[in-house]
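Presented below is the structure to which this report refers.
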Amino acid sequence: MAFGQYEDDSAALFFNDHPDDTFSGWIVPLRPKDPYYGSKPDWKPVLAETFEQLNVYDEMILYYLLFTINSTLSINTHNTYSEMNDVMKKYSFLQLSHLHDITCLNASQKQSLRDFFFFIYLYAHPVNDETLYACTFDQQRLIHTNTGIPLEDYFVAYYNHYTTHRDEHAEHIVISADEIQACKALTLELLQVIEGRSPKLIIPSIKSLEPAIQLINDVDGMLKLYKDDPAAFCQIIRDLLALGVATEGASVNSRSYRDYCFTVLLQNYASYILFFDFNEIQVLIDAFQDTPMECRFIISKMFTDTIFLNKIIRQQEIDLNEYPEVTRFFNEQATEWFL
């Protein structure tokens, strides 16, 4: 497989021998019939003999979960809405890989964040409500709650079934049995990242962005720096913002990566610090209030790049009217969203 790019800058993982088919898309012709439409279902799930507790409604949800996980390796930029969803899904996937190794948070805090990131990961795909709430974590295993089936077991059985019975579905399956097994291996790798059973993912470092990337790749280091020297943490944000001005004539790729790092670092601040104490936002306000344009840009970006703070505010029943020192730095979009 290899990544390919569409004309709208979206991207997907394509099969080398089947240039029109993708890692996430090859299963679409195998999508189960929708049991919610038409008369009462009179058929059994494909894997009913393997999982006796499975019904056709469960099968549809598990298909959506498989498609959602495989779509992690696609990039969708069709419009502003899909771009934001893509940022949130990829960000949550990255953070789910980090949580297990974090030592500065206790088990309860990490569990709260894991549930938060997994919710956003699914919500941003997006999926329907039944799929959004279909799974629970059992330690480091995702379980389909209604049936008790571990996702790993289901996906293995799914891929093995279509490997064995590929010829029976030849009109729908264009890839080879070996390619189906390669897809299985890749799906399981993605699942293990989500479950926190693989080494944490890191983003590549480049010299001009080293301080910020070091904090992104080491959440413990970010939390320790913020606790010990919040001014130094804020200075890294300030330097990253200044670098954006300094690189206006740089290549599109270097500007995009700098912008990506800036977004991730701000969302890390929201997710790992404000998630547990929203009042910590005053530290950021105090650090930048003497440069109101910078402060306005940072605060508005943190509130509007994703829905993370929106969900945190709703979940914790925070009244932003009680934070005029924050809302005075909202731009038009942030004001429209939150006030």
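Convention: chains lettered A, B, ... in structure tokens order; per-chain residue numbering from 1; ligands numbered from 1 as shown.
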For Glu171 of chain A: contacts at 12 Å, only C-alpha atoms, fewer than 5 positions along chain excluded, given as a list in words: Trp26, Pro29, Leu30 and Arg166 of chain A
Strand (DSSP E or B) per DSSP on the backbone: members of segment 79-163 of chain A, as a count of residues only: 10
Within 10 Å of His125 of chain A using only C-alpha atoms, minus same-chain residues under 6 positions, as an MDAnalysis selection string: chainID A and resid 67:69 71:72 76 82 85:86 88:90 132
Could the residues in this selection be written to a file with C-alpha atoms, as a short mmCIF file (atom, residue, chain, number, x, y, z; two decimals), in the first residue's frame?
data_model
loop_
_atom_site.label_atom_id
_atom_site.label_comp_id
_atom_site.auth_asym_id
_atom_site.auth_seq_id
_atom_site.Cartn_x
_atom_site.Cartn_y
_atom_site.Cartn_z
CA PHE A 67 -14.43 1.46 9.00
CA THR A 68 -13.81 4.28 11.49
CA ILE A 69 -10.56 2.76 12.74
CA SER A 71 -10.17 5.60 8.17
CA THR A 72 -7.63 6.89 10.68
CA ASN A 76 -10.34 14.49 4.74
CA SER A 82 -14.38 17.88 7.69
CA ASN A 85 -13.13 16.67 12.38
CA ASP A 86 -9.96 15.28 10.83
CA MET A 88 -9.73 16.18 16.21
CA LYS A 89 -9.74 12.51 15.21
CA LYS A 90 -6.00 12.43 14.47
CA LEU A 132 -20.52 6.35 19.64
#
Residue among A:Ile75, A:Ile203, A:Met84, A:Leu142 lying closest to Asp8 of chain A, counting only C-alpha atoms: A:Ile75
Test item, alpha helix (DSSP H) assignment across segment 101-333 of chain A, answer as a PyMOL selection string: chain A and resi 107-123+129-132+151-164+177-195+210-217+219-228+230-246+252-269+281-288+292-304+308-315+324-327+332-333
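Going from atom CA of Pro41 of chain A to atom CA of Val28 of chain A covers 20.2 Å.
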Exercise: Tyr6 of chain A partners within 12 Å, only C-alpha atoms, chain neighbours under 6 positions left out, as a PDB file with all heavy atoms, in the first residue's frame:
ATOM      1  N   ALA A  12      -5.490   9.143   0.997  1.00  0.00           N
ATOM      2  CA  ALA A  12      -5.897   7.821   1.458  1.00  0.00           C
ATOM      3  C   ALA A  12      -4.773   6.832   1.188  1.00  0.00           C
ATOM      4  O   ALA A  12      -3.838   7.109   0.427  1.00  0.00           O
ATOM      5  CB  ALA A  12      -7.186   7.379   0.758  1.00  0.00           C
ATOM      6  N   LEU A  13      -4.882   5.675   1.814  1.00  0.00           N
ATOM      7  CA  LEU A  13      -3.897   4.610   1.644  1.00  0.00           C
ATOM      8  C   LEU A  13      -4.418   3.645   0.574  1.00  0.00           C
ATOM      9  O   LEU A  13      -5.410   2.950   0.784  1.00  0.00           O
ATOM     10  CB  LEU A  13      -3.678   3.877   2.973  1.00  0.00           C
ATOM     11  CG  LEU A  13      -2.499   2.918   3.074  1.00  0.00           C
ATOM     12  CD1 LEU A  13      -1.184   3.625   2.782  1.00  0.00           C
ATOM     13  CD2 LEU A  13      -2.460   2.281   4.457  1.00  0.00           C
ATOM     14  N   PHE A  14      -3.752   3.643  -0.575  1.00  0.00           N
ATOM     15  CA  PHE A  14      -4.193   2.853  -1.724  1.00  0.00           C
ATOM     16  C   PHE A  14      -3.389   1.564  -1.838  1.00  0.00           C
ATOM     17  O   PHE A  14      -2.233   1.497  -1.421  1.00  0.00           O
ATOM     18  CB  PHE A  14      -4.018   3.661  -3.018  1.00  0.00           C
ATOM     19  CG  PHE A  14      -4.960   4.824  -3.151  1.00  0.00           C
ATOM     20  CD1 PHE A  14      -4.651   6.061  -2.586  1.00  0.00           C
ATOM     21  CD2 PHE A  14      -6.153   4.694  -3.843  1.00  0.00           C
ATOM     22  CE1 PHE A  14      -5.506   7.135  -2.713  1.00  0.00           C
ATOM     23  CE2 PHE A  14      -7.018   5.765  -3.985  1.00  0.00           C
ATOM     24  CZ  PHE A  14      -6.700   6.989  -3.421  1.00  0.00           C
ATOM     25  N   ASP A  20      -7.397   1.940  -7.555  1.00  0.00           N
ATOM     26  CA  ASP A  20      -8.680   2.590  -7.289  1.00  0.00           C
ATOM     27  C   ASP A  20      -9.263   2.202  -5.943  1.00  0.00           C
ATOM     28  O   ASP A  20     -10.336   2.700  -5.558  1.00  0.00           O
ATOM     29  CB  ASP A  20      -9.700   2.234  -8.393  1.00  0.00           C
ATOM     30  CG  ASP A  20      -9.315   2.823  -9.739  1.00  0.00           C
ATOM     31  OD1 ASP A  20      -8.695   3.905  -9.756  1.00  0.00           O
ATOM     32  OD2 ASP A  20      -9.617   2.189 -10.767  1.00  0.00           O
ATOM     33  N   SER A  74      -6.706   7.975   6.625  1.00  0.00           N
ATOM     34  CA  SER A  74      -7.155   8.840   5.534  1.00  0.00           C
ATOM     35  C   SER A  74      -7.163  10.275   6.031  1.00  0.00           C
ATOM     36  O   SER A  74      -7.268  10.527   7.241  1.00  0.00           O
ATOM     37  CB  SER A  74      -8.569   8.455   5.070  1.00  0.00           C
ATOM     38  OG  SER A  74      -8.596   7.120   4.598  1.00  0.00           O
ATOM     39  N   ILE A  75      -7.052  11.212   5.118  1.00  0.00           N
ATOM     40  CA  ILE A  75      -7.104  12.640   5.451  1.00  0.00           C
ATOM     41  C   ILE A  75      -8.247  13.268   4.668  1.00  0.00           C
ATOM     42  O   ILE A  75      -8.301  13.140   3.439  1.00  0.00           O
ATOM     43  CB  ILE A  75      -5.780  13.345   5.111  1.00  0.00           C
ATOM     44  CG1 ILE A  75      -4.629  12.755   5.937  1.00  0.00           C
ATOM     45  CG2 ILE A  75      -5.880  14.854   5.359  1.00  0.00           C
ATOM     46  CD1 ILE A  75      -3.261  13.263   5.529  1.00  0.00           C
ATOM     47  N   ASN A  76      -9.166  13.894   5.384  1.00  0.00           N
ATOM     48  CA  ASN A  76     -10.338  14.488   4.742  1.00  0.00           C
ATOM     49  C   ASN A  76     -10.307  16.004   4.878  1.00  0.00           C
ATOM     50  O   ASN A  76     -10.310  16.528   5.990  1.00  0.00           O
ATOM     51  CB  ASN A  76     -11.624  13.941   5.369  1.00  0.00           C
ATOM     52  CG  ASN A  76     -11.734  12.434   5.211  1.00  0.00           C
ATOM     53  OD1 ASN A  76     -11.712  11.930   4.103  1.00  0.00           O
ATOM     54  ND2 ASN A  76     -11.831  11.720   6.321  1.00  0.00           N
ATOM     55  N   THR A  77     -10.287  16.678   3.748  1.00  0.00           N
ATOM     56  CA  THR A  77     -10.246  18.150   3.764  1.00  0.00           C
ATOM     57  C   THR A  77     -11.292  18.716   2.799  1.00  0.00           C
ATOM     58  O   THR A  77     -11.064  19.710   2.136  1.00  0.00           O
ATOM     59  CB  THR A  77      -8.850  18.657   3.350  1.00  0.00           C
ATOM     60  OG1 THR A  77      -8.525  18.120   2.053  1.00  0.00           O
ATOM     61  CG2 THR A  77      -7.780  18.229   4.340  1.00  0.00           C
ATOM     62  N   HIS A  78     -12.449  18.061   2.736  1.00  0.00           N
ATOM     63  CA  HIS A  78     -13.467  18.470   1.772  1.00  0.00           C
ATOM     64  C   HIS A  78     -13.991  19.876   2.062  1.00  0.00           C
ATOM     65  O   HIS A  78     -14.311  20.643   1.161  1.00  0.00           O
ATOM     66  CB  HIS A  78     -14.625  17.479   1.773  1.00  0.00           C
ATOM     67  CG  HIS A  78     -14.187  16.058   1.552  1.00  0.00           C
ATOM     68  ND1 HIS A  78     -13.512  15.660   0.416  1.00  0.00           N
ATOM     69  CD2 HIS A  78     -14.312  14.945   2.317  1.00  0.00           C
ATOM     70  CE1 HIS A  78     -13.257  14.361   0.495  1.00  0.00           C
ATOM     71  NE2 HIS A  78     -13.722  13.909   1.638  1.00  0.00           N
TER      72      HIS A  78
END
Contacts of segment 150-164 of chain A at 10 Å (only C-alpha atoms; same-chain gap of 4+ positions) as a ChimeraX atom specification: /A:27,30,46-47,50-51,59,62-63,65-66,135-138,141-145,168-169,173,175-185,187-188,191-192
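Of the residues under consideration (A:Tyr226, A:Arg258, A:Lys311, A:Leu190), A:Arg258 shows the shortest atom-to-atom contact distance to Ile206 of chain A when counting only C-alpha atoms.
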Counting only C-alpha atoms, the residue of A:Ile61, A:Leu274, A:Ala334, A:Ile102 that sits nearest Lys33 of chain A: A:Ile61
Contacts of Leu240 of chain A within 10 Å, only C-alpha atoms, excl. fewer than 3 positions in-chain, as an MDAnalysis selection string: chainID A and resid 208:209 211:212 234:237 243:246 258:259 261:262 265
